[in-house]
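Next up, start04.cif (mmCIF, C-alpha atoms):
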```
data_final
loop_
_atom_site.label_atom_id
_atom_site.label_comp_id
_atom_site.auth_asym_id
_atom_site.auth_seq_id
_atom_site.Cartn_x
_atom_site.Cartn_y
_atom_site.Cartn_z
CA MET A 84 96.45 133.38 114.02
CA LEU A 85 93.84 130.86 112.98
CA ASP A 86 90.20 131.62 113.68
CA ALA A 87 88.13 128.47 113.77
CA ALA A 88 84.63 129.78 114.42
CA ASP A 89 82.53 132.79 115.14
CA GLY A 90 82.26 132.96 118.90
CA GLY A 91 83.32 130.40 121.48
CA ASP A 92 85.22 130.58 124.74
CA ALA A 93 88.42 128.57 124.44
CA SER A 94 91.88 129.46 123.20
CA VAL A 95 94.51 126.88 122.30
CA PHE A 96 98.21 127.42 121.71
CA VAL A 97 99.88 124.94 119.37
CA ARG A 98 103.67 124.76 119.34
CA VAL A 99 104.92 123.08 116.16
CA GLY A 100 108.18 121.29 116.76
CA ALA A 101 110.89 120.64 114.22
CA PRO A 102 110.54 117.37 112.26
CA ARG A 103 111.97 114.40 114.11
CA ARG A 104 112.35 112.38 110.93
CA LEU A 105 113.35 113.59 107.49
CA GLN A 106 113.46 110.66 105.12
CA ALA A 107 115.06 111.38 101.76
CA LEU A 108 113.25 109.41 99.05
CA GLY A 109 114.79 111.33 96.19
CA PRO A 110 117.15 114.24 95.53
CA LEU A 111 115.23 116.49 97.94
CA THR A 112 116.41 117.66 101.37
CA ALA A 113 114.82 119.42 104.32
CA GLY A 114 115.55 122.72 102.62
CA ASP A 115 113.03 121.83 99.92
CA VAL A 116 110.17 122.21 102.38
CA HIS A 117 108.69 125.65 101.75
CA HIS A 118 106.05 125.57 104.46
CA ILE A 119 103.91 123.41 106.70
CA THR A 120 100.16 123.94 106.56
CA LEU A 121 98.10 123.22 109.67
CA SER A 122 94.44 122.39 109.28
CA LEU A 123 92.12 122.38 112.27
CA ALA A 124 88.62 120.94 112.15
CA ARG A 125 86.05 119.97 114.74
CA VAL A 126 85.32 116.25 114.67
CA ASP A 127 82.22 116.14 116.88
CA GLY A 128 80.31 119.02 115.33
CA PRO A 129 79.72 121.12 112.20
CA SER A 130 83.21 121.00 110.71
CA GLU A 131 82.11 123.12 107.74
CA VAL A 132 81.78 126.03 110.17
CA GLU A 133 84.59 125.43 112.64
CA ARG A 134 87.56 125.09 110.34
CA GLY A 135 90.75 127.03 109.84
CA ARG A 136 94.23 126.91 108.32
CA VAL A 137 97.58 128.51 109.01
CA ALA A 138 100.90 128.13 107.20
CA LEU A 139 104.33 128.03 108.88
CA THR A 140 107.48 128.49 106.84
CA LEU A 141 110.58 126.45 107.56
CA GLY A 142 112.06 129.15 109.79
CA GLU A 143 108.90 129.34 111.88
CA TRP A 144 108.96 125.79 113.19
CA GLY A 145 108.85 125.96 116.95
CA ARG A 146 106.83 129.15 117.34
CA PRO A 147 103.42 128.99 119.04
CA VAL A 148 100.28 129.45 116.96
CA ASN A 149 97.32 130.99 118.72
CA VAL A 150 94.12 129.19 117.68
CA ARG A 151 91.22 131.25 118.96
CA HIS A 152 87.44 131.06 119.08
CA MET A 153 87.26 127.32 119.58
CA ARG A 154 84.32 125.93 121.50
CA SER A 155 84.62 124.46 124.95
CA ARG A 156 83.79 120.79 125.47
CA ALA A 157 84.44 120.07 121.81
CA THR A 158 86.92 117.77 120.07
CA TYR A 159 89.24 118.99 117.31
CA ARG A 160 91.69 117.34 114.95
CA LEU A 161 94.88 119.05 113.84
CA ARG A 162 96.58 117.88 110.66
CA ALA A 163 99.73 119.11 109.00
CA GLN A 164 101.03 118.89 105.43
CA ALA A 165 104.42 119.64 103.91
CA PHE A 166 104.56 121.75 100.72
CA GLY A 167 107.50 122.44 98.47
CA ALA A 168 106.26 125.67 96.88
CA PRO A 169 104.17 128.72 97.75
CA GLY A 170 100.44 128.09 97.85
CA ASP A 171 98.62 124.94 98.86
CA GLU A 172 98.29 123.26 95.47
CA PRO A 173 98.25 119.45 95.71
CA SER A 174 100.98 119.25 93.08
CA SER A 175 103.40 120.87 95.54
CA LEU A 176 102.84 118.30 98.29
CA LEU A 177 106.06 116.70 99.40
CA SER A 178 104.61 114.09 101.70
CA GLU A 179 103.66 110.86 99.96
CA ARG A 180 100.94 110.18 102.53
CA ASP A 181 99.78 113.83 102.58
CA ALA A 182 99.20 114.35 106.30
CA VAL A 183 102.53 114.39 108.09
CA ALA A 184 101.08 114.88 111.55
CA SER A 185 97.71 114.30 113.13
CA ALA A 186 96.43 114.75 116.66
CA ILE A 187 93.07 114.97 118.38
CA TRP A 188 92.41 117.11 121.43
CA ARG A 189 89.48 117.60 123.71
CA VAL A 190 89.15 121.27 124.64
CA GLU A 191 87.74 121.86 128.10
CA ASP A 192 89.01 125.40 128.68
CA SER A 193 92.02 127.52 127.79
CA ALA A 194 94.87 125.11 127.20
CA VAL A 195 98.43 124.87 126.01
CA LEU A 196 98.89 121.83 123.82
CA PRO A 197 102.14 119.86 123.70
CA PRO A 198 104.47 120.34 120.71
CA VAL A 199 103.59 118.49 117.53
CA SER A 200 106.60 116.63 116.11
CA LEU A 201 106.15 116.45 112.37
CA GLN A 202 107.29 113.48 110.31
CA VAL A 203 108.08 114.56 106.77
CA ALA A 204 108.80 112.08 103.98
CA LEU A 205 110.34 114.05 101.15
CA ARG A 206 109.60 112.83 97.65
CA PRO A 207 109.93 114.60 94.32
CA VAL A 208 106.59 115.33 92.69
CA ALA A 209 106.51 113.46 89.37
CA ARG A 210 104.62 114.84 86.42
CA LEU A 211 101.57 112.75 85.65
CA LEU A 212 100.89 111.85 82.04
CA LEU A 213 97.67 110.40 80.61
CA THR A 214 97.98 108.48 77.33
CA THR A 215 95.59 106.44 75.18
CA LEU A 216 96.22 102.71 74.82
CA VAL A 217 93.08 101.62 72.94
CA GLY A 218 90.39 103.57 71.12
CA ASP A 219 90.03 106.69 69.00
CA GLY A 220 86.72 107.94 70.36
CA THR A 221 84.62 105.71 68.08
CA SER A 222 82.63 102.71 69.29
CA GLY A 223 83.52 99.39 67.70
CA ASP A 224 84.53 95.76 68.10
CA THR A 225 87.81 95.71 66.16
CA ASN A 226 90.48 93.45 67.63
CA GLY A 227 94.19 93.59 66.96
CA ALA A 228 96.97 96.07 67.66
CA ALA A 229 95.91 98.43 70.44
CA LEU A 230 96.19 101.66 68.47
CA ARG A 231 93.88 100.29 65.72
CA ALA A 232 91.47 98.38 67.98
CA ARG A 233 88.15 99.73 69.21
CA LEU A 234 85.96 99.28 72.27
CA GLU A 235 82.22 99.67 72.75
CA ALA A 236 81.22 101.66 75.86
CA PRO A 237 83.64 99.88 78.22
CA ALA A 238 82.91 99.84 81.95
CA GLY A 239 84.71 97.49 84.37
CA LEU A 240 88.44 96.75 84.45
CA ALA A 241 90.84 94.36 86.17
CA VAL A 242 94.55 93.74 85.78
CA GLY A 243 95.59 90.10 85.62
CA THR A 244 98.50 88.42 87.36
CA GLY A 245 100.39 88.31 84.07
CA GLY A 246 99.91 92.01 83.28
CA GLN A 247 96.94 91.53 80.95
CA VAL A 248 94.11 94.06 81.25
CA TYR A 249 90.51 92.81 81.19
CA VAL A 250 87.65 95.15 80.22
CA THR A 251 83.89 94.61 80.16
CA GLU A 252 81.56 95.98 77.49
CA PRO A 253 78.07 95.74 79.02
CA SER A 254 76.11 96.74 75.93
CA ALA A 255 78.03 94.19 73.84
CA HIS A 256 77.72 91.47 76.52
CA ARG A 257 81.38 90.59 76.26
CA ILE A 258 84.80 90.76 77.91
CA ARG A 259 87.91 91.92 76.07
CA VAL A 260 91.55 91.48 77.08
CA LEU A 261 94.63 93.56 76.24
CA SER A 262 97.87 91.60 76.31
CA PRO A 263 101.11 93.06 77.72
CA GLU A 264 102.32 93.16 74.11
CA GLY A 265 99.48 95.50 73.13
CA GLU A 266 97.08 93.15 71.31
CA LEU A 267 93.35 93.45 72.02
CA ARG A 268 91.07 90.43 71.58
CA THR A 269 87.67 89.18 72.68
CA LEU A 270 88.03 86.85 75.63
CA THR A 271 84.44 85.61 75.83
CA GLY A 272 80.83 86.59 75.21
CA GLY A 273 79.40 88.72 72.45
CA SER A 274 75.66 88.17 72.48
CA PRO A 275 73.16 88.33 75.37
CA GLY A 276 72.30 85.15 77.22
CA TYR A 277 73.36 82.83 79.98
CA GLU A 278 75.68 79.93 79.21
CA ASP A 279 78.61 78.38 81.06
CA GLY A 280 81.34 76.44 79.33
CA PRO A 281 84.19 77.13 76.91
CA LEU A 282 85.06 80.79 76.32
CA ALA A 283 83.79 80.73 72.75
CA ALA A 284 80.38 79.39 73.78
CA ALA A 285 79.79 81.26 77.06
CA ARG A 286 77.17 83.99 77.24
CA PHE A 287 76.69 86.96 79.54
CA ARG A 288 74.09 89.68 79.94
CA ASN A 289 75.47 93.21 80.58
CA PRO A 290 78.63 92.25 82.51
CA THR A 291 80.17 95.14 84.48
CA GLY A 292 82.60 94.70 87.38
CA LEU A 293 85.72 92.52 87.29
CA ALA A 294 88.26 91.25 89.80
CA VAL A 295 91.25 88.90 89.69
CA ASP A 296 92.50 86.82 92.63
CA GLY A 297 96.04 85.69 93.38
CA GLN A 298 95.62 82.48 91.40
CA GLY A 299 94.63 84.38 88.28
CA VAL A 300 90.91 83.54 88.48
CA LEU A 301 88.81 86.24 86.80
CA TYR A 302 85.51 87.09 88.50
CA VAL A 303 82.72 88.77 86.54
CA ALA A 304 79.68 90.65 87.81
CA ASP A 305 77.15 89.34 85.29
CA THR A 306 74.78 92.19 86.07
CA GLY A 307 71.95 91.37 83.72
CA ASN A 308 71.89 87.73 84.86
CA ARG A 309 72.06 88.83 88.50
CA CYS A 310 74.91 86.50 89.35
CA ILE A 311 78.68 86.20 89.70
CA ARG A 312 80.66 84.16 87.18
CA ARG A 313 84.29 83.09 87.31
CA ILE A 314 86.85 82.14 84.69
CA PRO A 315 89.80 80.05 85.95
CA PRO A 316 93.11 80.22 84.07
CA ALA A 317 92.09 76.98 82.28
CA GLY A 318 89.44 79.03 80.51
CA ALA A 319 85.94 77.58 81.02
CA VAL A 320 83.28 79.93 82.41
CA GLU A 321 81.56 78.85 85.64
CA THR A 322 78.70 80.30 87.69
CA LEU A 323 79.60 81.04 91.32
CA THR A 324 76.27 82.32 92.68
CA PRO A 325 72.69 81.37 91.68
CA VAL A 326 71.64 82.89 88.39
CA GLY A 327 68.92 85.51 88.71
CA ILE A 328 67.21 85.16 85.32
CA ASP A 329 65.23 82.05 84.48
CA ALA A 330 64.70 80.49 81.07
CA THR A 331 61.79 82.83 80.32
CA GLY A 332 63.88 85.93 81.02
CA LEU A 333 62.09 86.63 84.30
CA GLY A 334 63.72 87.14 87.67
CA SER A 335 64.46 84.03 89.71
CA PRO A 336 63.73 83.93 93.46
CA ALA A 337 66.93 81.92 93.91
CA ALA A 338 69.06 84.93 92.98
CA SER A 339 71.34 86.40 95.63
CA PHE A 340 71.59 89.76 93.89
CA VAL A 341 69.41 92.34 92.19
CA GLU A 342 72.05 94.29 90.27
CA PRO A 343 75.61 93.19 91.11
CA VAL A 344 78.17 95.70 89.85
CA GLY A 345 81.42 96.11 91.79
CA LEU A 346 83.82 93.30 92.71
CA ALA A 347 86.99 93.08 94.80
CA VAL A 348 89.02 90.21 96.23
CA GLY A 349 90.28 90.51 99.81
CA SER A 350 93.70 89.42 101.01
CA ASN A 351 92.08 86.33 102.59
CA GLY A 352 90.45 85.34 99.30
CA ASP A 353 86.94 86.56 100.10
CA LEU A 354 85.06 88.03 97.15
CA TRP A 355 83.18 91.26 97.86
CA VAL A 356 80.23 92.42 95.76
CA SER A 357 78.35 95.71 95.61
CA ASP A 358 74.69 95.41 94.62
CA ALA A 359 73.47 98.69 93.16
CA GLY A 360 69.93 97.33 93.03
CA SER A 361 69.63 96.35 96.69
CA ASN A 362 72.12 98.94 98.04
CA GLY A 363 74.02 96.20 99.85
CA ILE A 364 77.64 95.12 100.25
CA PHE A 365 78.02 91.32 100.18
CA ARG A 366 80.71 88.75 100.85
CA VAL A 367 80.88 85.57 98.75
CA ALA A 368 82.66 82.46 100.02
CA SER A 369 84.57 80.16 97.68
CA THR A 370 81.60 77.78 97.89
CA GLY A 371 79.30 80.47 96.49
CA GLU A 372 77.60 81.16 99.82
CA VAL A 373 76.49 84.80 99.91
CA SER A 374 76.13 86.92 103.05
CA LEU A 375 75.03 90.55 103.42
CA VAL A 376 77.68 92.47 105.38
CA ALA A 377 76.41 96.05 105.28
CA GLY A 378 73.54 98.08 103.89
CA GLY A 379 70.58 96.62 102.10
CA ALA A 380 68.43 99.72 101.95
CA SER A 381 68.69 103.12 100.29
CA GLY A 382 70.16 105.78 102.59
CA ASP A 383 73.31 107.62 103.57
CA SER A 384 73.75 106.76 107.24
CA ASP A 385 76.91 105.31 108.74
CA GLY A 386 76.63 102.50 111.27
CA GLY A 387 76.77 98.76 111.58
CA GLY A 388 75.41 96.10 109.27
CA SER A 389 71.92 96.73 107.96
CA GLY A 390 71.79 99.98 109.93
CA ALA A 391 74.00 101.63 107.30
CA GLY A 392 72.66 102.94 104.00
CA PHE A 393 74.02 103.23 100.45
CA ARG A 394 72.65 104.61 97.19
CA ARG A 395 73.65 102.55 94.16
CA PRO A 396 77.12 101.53 95.35
CA GLN A 397 79.50 100.50 92.57
CA GLY A 398 83.29 100.18 92.67
CA LEU A 399 85.09 98.36 95.50
CA ALA A 400 88.68 98.10 96.70
CA CYS A 401 90.06 95.92 99.52
CA ALA A 402 92.81 96.97 101.92
CA PRO A 403 95.23 94.32 103.24
CA GLU A 404 93.82 94.50 106.79
CA GLY A 405 90.32 93.79 105.51
CA THR A 406 88.68 97.18 105.10
CA VAL A 407 86.56 97.43 101.95
CA PHE A 408 86.26 100.84 100.31
CA VAL A 409 83.04 101.56 98.44
CA ALA A 410 82.23 104.12 95.75
CA ASP A 411 78.81 105.15 97.05
CA THR A 412 77.80 106.63 93.72
CA GLY A 413 74.36 107.97 94.53
CA ASN A 414 75.55 109.60 97.75
CA HIS A 415 78.65 111.15 96.11
CA ARG A 416 80.82 109.63 98.83
CA ILE A 417 83.60 107.16 99.46
CA ARG A 418 82.69 104.79 102.30
CA ALA A 419 84.70 102.25 104.30
CA VAL A 420 83.32 98.92 105.50
CA THR A 421 85.09 96.78 108.11
CA PRO A 422 84.97 92.96 107.86
CA ALA A 423 82.44 93.07 110.70
CA GLY A 424 80.17 95.39 108.71
CA SER A 425 80.78 98.75 110.38
CA VAL A 426 80.37 101.54 107.82
CA SER A 427 81.96 105.00 107.95
CA THR A 428 82.34 107.84 105.46
CA LEU A 429 85.92 108.39 104.32
CA ALA A 430 85.33 111.40 102.07
CA GLY A 431 82.64 113.33 100.28
CA GLY A 432 79.09 114.36 101.04
CA ALA A 433 77.20 116.88 98.95
CA GLU A 434 77.54 116.72 95.16
CA GLY A 435 80.24 118.88 93.60
CA LEU A 436 83.92 119.16 92.73
CA LEU A 437 86.16 120.26 95.57
CA ASP A 438 89.46 119.04 96.98
CA GLY A 439 89.94 118.92 100.73
CA PHE A 440 89.79 116.78 103.84
CA ALA A 441 87.15 114.12 104.38
CA ASP A 442 83.65 115.58 104.40
CA GLY A 443 85.00 118.86 103.07
CA ALA A 444 85.74 117.21 99.71
CA ARG A 445 83.12 116.89 96.97
CA PHE A 446 82.52 114.26 94.28
CA ARG A 447 79.92 113.84 91.55
CA ALA A 448 78.83 110.21 91.10
CA PRO A 449 82.15 108.49 91.91
CA SER A 450 81.98 105.03 90.41
CA TRP A 451 85.14 102.91 90.43
CA LEU A 452 88.14 102.51 92.74
CA ALA A 453 91.71 101.22 92.92
CA LEU A 454 94.00 101.00 95.96
CA ASP A 455 97.80 101.11 95.92
CA PRO A 456 100.16 99.47 98.47
CA ALA A 457 100.68 102.81 100.25
CA GLY A 458 96.99 102.96 101.07
CA GLN A 459 96.15 105.68 98.57
CA LEU A 460 92.75 105.26 96.98
CA TYR A 461 92.17 106.26 93.35
CA VAL A 462 88.65 107.30 92.37
CA ALA A 463 86.98 107.58 88.97
CA ASP A 464 84.91 110.71 89.62
CA THR A 465 82.65 109.94 86.70
CA GLY A 466 80.32 112.91 86.87
CA ASN A 467 83.24 115.33 87.08
CA HIS A 468 85.16 113.54 84.27
CA CYS A 469 88.32 113.38 86.36
CA LEU A 470 90.48 111.11 88.52
CA ARG A 471 90.87 111.85 92.22
CA ARG A 472 93.13 110.47 94.93
CA VAL A 473 92.16 109.96 98.57
CA ALA A 474 95.09 109.78 100.97
CA PRO A 475 94.91 107.54 104.06
CA THR A 476 94.25 110.72 106.06
CA GLY A 477 91.11 111.43 104.04
CA TYR A 478 92.60 114.30 102.05
CA VAL A 479 91.22 114.36 98.49
CA PHE A 480 92.74 116.05 95.49
CA THR A 481 92.30 115.94 91.75
CA LEU A 482 94.99 114.03 89.87
CA ILE A 483 93.96 114.73 86.31
CA GLY A 484 91.04 115.86 84.20
CA ALA A 485 88.92 119.01 84.22
CA GLY A 486 85.71 118.70 82.25
CA ALA A 487 84.61 116.24 79.57
CA GLY A 488 86.82 115.73 76.54
CA ARG A 489 89.34 113.42 74.89
CA ARG A 490 92.94 114.53 75.12
CA ASP A 491 96.23 113.04 76.26
CA GLY A 492 98.64 115.09 78.33
CA GLY A 493 99.54 116.24 81.80
CA ARG A 494 97.42 117.34 84.73
CA ASP A 495 96.16 120.53 83.14
CA GLU A 496 95.80 119.31 79.55
CA ALA A 497 94.34 115.80 79.78
CA ARG A 498 90.62 115.19 79.36
CA LEU A 499 88.35 112.21 80.03
CA ASN A 500 84.68 111.57 79.35
CA SER A 501 82.94 109.57 82.10
CA PRO A 502 85.92 107.58 83.46
CA ALA A 503 84.94 104.19 84.87
CA GLY A 504 86.93 101.05 85.72
CA LEU A 505 90.39 101.41 87.30
CA GLY A 506 93.26 99.02 87.89
CA LEU A 507 96.92 99.15 88.97
CA ASP A 508 99.61 96.88 87.61
CA GLY A 509 102.80 95.72 89.31
CA ALA A 510 104.60 98.89 88.26
CA PHE A 511 101.82 100.99 89.89
CA ARG A 512 100.63 102.29 86.55
CA LEU A 513 96.93 103.18 86.65
CA PHE A 514 94.76 101.82 83.80
CA VAL A 515 91.57 103.81 83.25
CA VAL A 516 88.41 102.97 81.33
CA ASP A 517 87.29 106.11 79.49
CA GLY A 518 83.66 105.15 79.02
CA ARG A 519 82.13 107.65 76.64
CA ASN A 520 85.35 107.92 74.68
CA HIS A 521 85.23 104.13 74.10
CA ALA A 522 88.87 104.01 75.18
CA LEU A 523 91.40 102.52 77.55
CA ARG A 524 93.82 105.09 78.99
CA LEU A 525 96.99 104.87 81.08
CA LEU A 526 98.07 107.28 83.85
CA GLN A 527 101.68 107.13 84.94
#
```

Encoded form (structure tokens):
Amino acid sequence: MLDAADGGDASVFVRVGAPRRLQALGPLTAGDVHHITLSLARVDGPSEVERGRVALTLGEWGRPVNVRHMRSRATYRLRAQAFGAPGDEPSSLLSERDAVASAIWRVEDSAVLPPVSLQVALRPVARLLLTTLVGDGTSGDTNGAALRARLEAPAGLAVGTGGQVYVTEPSAHRIRVLSPEGELRTLTGGSPGYEDGPLAAARFRNPTGLAVDGQGVLYVADTGNRCIRRIPPAGAVETLTPVGIDATGLGSPAASFVEPVGLAVGSNGDLWVSDAGSNGIFRVASTGEVSLVAGGASGDSDGGGSGAGFRRPQGLACAPEGTVFVADTGNHRIRAVTPAGSVSTLAGGAEGLLDGFADGARFRAPSWLALDPAGQLYVADTGNHCLRRVAPTGYVFTLIGAGAGRRDGGRDEARLNSPAGLGLDGAFRLFVVDGRNHALRLLQ
């Protein structure tokens, strides 16, 4: 029995049918499913109150589950997950996409719902391992072999088309690059200023976010200069949007941005920019034309265009169909923005550290994002010093990290200190900027 709320006048019977598709993606079989967990939550009301869970073992598929104390004239969502071991720990999930069934029902009165046919994709759970590529916990500017090189308070990260990893160092006003062979060098910058041209002569002011397009062009959020720069494969630095600092060091009215931070390139080539200073999400055309798509004022409301609010948005990630995910840092949420500018909350709400579905999950100043081809979103939960994963269903769980520190290892042993920029390479390895440890880490 699953009690969803105190009081109410509706009772729903859910009959869980046997899976109609068991796809073997490894050495597992249907017998490796220990239990299915059902999660019921109201979607048009206070879900924190009207929520419940019930677990069905393999032999119980097909039996009815009495879900009582639901409210009439309310809408509920039922989700199901497959687990391979007792308990509901994320590490025992067998479904790659987490939710293996989802349905929404409108409850008018007592009702008997149709059977739910579960689709279970069985996949062995691999052990995650966090290792250090660059840095020993000490700030520095040493180039050379990765294990001997040092970084200075790195922030943004992007993986190039050739497997190189770009990293920004805002306080050093420069961009570094790690080759696939493990050599770190300074790509460009090194002293504050504004100068286009050859890599050795170019100047930046507090660069943060990075993105790479399909042609290998590197885009830079030149935060202190309030503009976007780009570096084609040929190597010369160019300015894409009007610079925001004039020759006297004062703000320029021609600037499109106040504090550009996050960057992402869409599948159609559009460049997306988060402006932490104006709380807006912008789209930049190849000509440099800038348009505000969503936000533009401090707030936390969902909605369309300027009716939505953000608080110091940072990291961005673009889905193939055009959705842009936003790390809404000040609101401790992950938001989704459609190409038309409609904003919704994918996960998070109040500040904290808690795994769970959608608004039941908690983050603390999430800052940077990366998206894999399966639609799973990786989050640098900076304030919690850990890495989280958001499934397409909105289920959030902690991948690695538990409190500030500097340690390699598995899920329970590894430690980070203010993780920041994220990026996936072609082998789906996750590169992680470990900000206060002045390091570049790798999760695989």

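One finds atom CA of A:Leu346 at 21.6 Å from atom CA of A:Ala474.
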
Subject >> Contacts of A:Gly360 within 7 Å, all atoms listed in the file, excl. fewer than 2 positions in-chain, as a PyMOL selection string >> reply: chain A and resi 341-342+358+362+395

**OP:** Go through the shown structure with the PyMOL selection byres ((chain A and resi 481-493) around 6) and write out the matching residues as a ChimeraX atom specification.
**Re:** /A:211-214,468-471,480,494-500

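Using all atoms listed in the file, the nearest neighbour of A:Ala410 within the list A:Val462, A:Ala433, A:Leu230, A:Leu505 is A:Val462.
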
Original post:
Expressed in Å to a single decimal, how great is the separation between atom CA of A:Gly388 and atom CA of A:Asp411?
Top reply: 15.6 Å

Original post:
Hey, can you check how far atom CA of A:Ala448 sits from atom CA of A:His415?
Top reply: 5.1 Å

So what does the PyMOL selection byres ((chain A and resi 319) around 10) actually pick up in this one, as a PDB file with C-alpha atoms, in the coordinates of the input?
```
ATOM      1  CA  THR A 271      84.440  85.610  75.830  1.00  0.00           C
ATOM      2  CA  ASP A 279      78.610  78.380  81.060  1.00  0.00           C
ATOM      3  CA  GLY A 280      81.340  76.440  79.330  1.00  0.00           C
ATOM      4  CA  PRO A 281      84.190  77.130  76.910  1.00  0.00           C
ATOM      5  CA  LEU A 282      85.060  80.790  76.320  1.00  0.00           C
ATOM      6  CA  ALA A 283      83.790  80.730  72.750  1.00  0.00           C
ATOM      7  CA  ALA A 284      80.380  79.390  73.780  1.00  0.00           C
ATOM      8  CA  ALA A 285      79.790  81.260  77.060  1.00  0.00           C
ATOM      9  CA  ARG A 313      84.290  83.090  87.310  1.00  0.00           C
ATOM     10  CA  ILE A 314      86.850  82.140  84.690  1.00  0.00           C
ATOM     11  CA  PRO A 315      89.800  80.050  85.950  1.00  0.00           C
ATOM     12  CA  PRO A 316      93.110  80.220  84.070  1.00  0.00           C
ATOM     13  CA  ALA A 317      92.090  76.980  82.280  1.00  0.00           C
ATOM     14  CA  GLY A 318      89.440  79.030  80.510  1.00  0.00           C
ATOM     15  CA  VAL A 320      83.280  79.930  82.410  1.00  0.00           C
ATOM     16  CA  GLU A 321      81.560  78.850  85.640  1.00  0.00           C
TER      17      GLU A 321
END
```

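Among the candidate residues A:Ala236, A:Cys310, A:Ala228, A:Val356, the one lying nearest to A:Ala400 is A:Val356, with distances computed using all atoms listed in the file.
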
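Applied to the shown file, the PyMOL selection byres ((chain A and resi 239) around 10) selects the residues A:Pro237, A:Ala238, A:Leu240, A:Ala241, A:Tyr249, A:Val250, A:Thr251, A:Glu252, A:Pro253, A:Ile258, A:Pro290, A:Thr291, A:Gly292, A:Leu293, A:Ala294, A:Val303, A:Ala304, A:Val344, A:Gly345, A:Leu346, A:Gly398, A:Trp451, A:Ala503, A:Gly504, A:Leu505, A:Gly506, A:Val515, A:Val516, A:Gly518.
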
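Proximity of A:Arg366, A:Arg231, A:Arg268, A:Arg445 to A:Asp219, computed with only C-alpha atoms, is greatest for A:Arg231.
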
**OP:** Extract, using all atoms listed in the file, all DNA, RNA and protein residues at most 8 Å from A:Phe514, discarding same-chain residues fewer than 4 positions from it, and format them as number ranges by chain.
**Re:** A: 505-508, 523-526
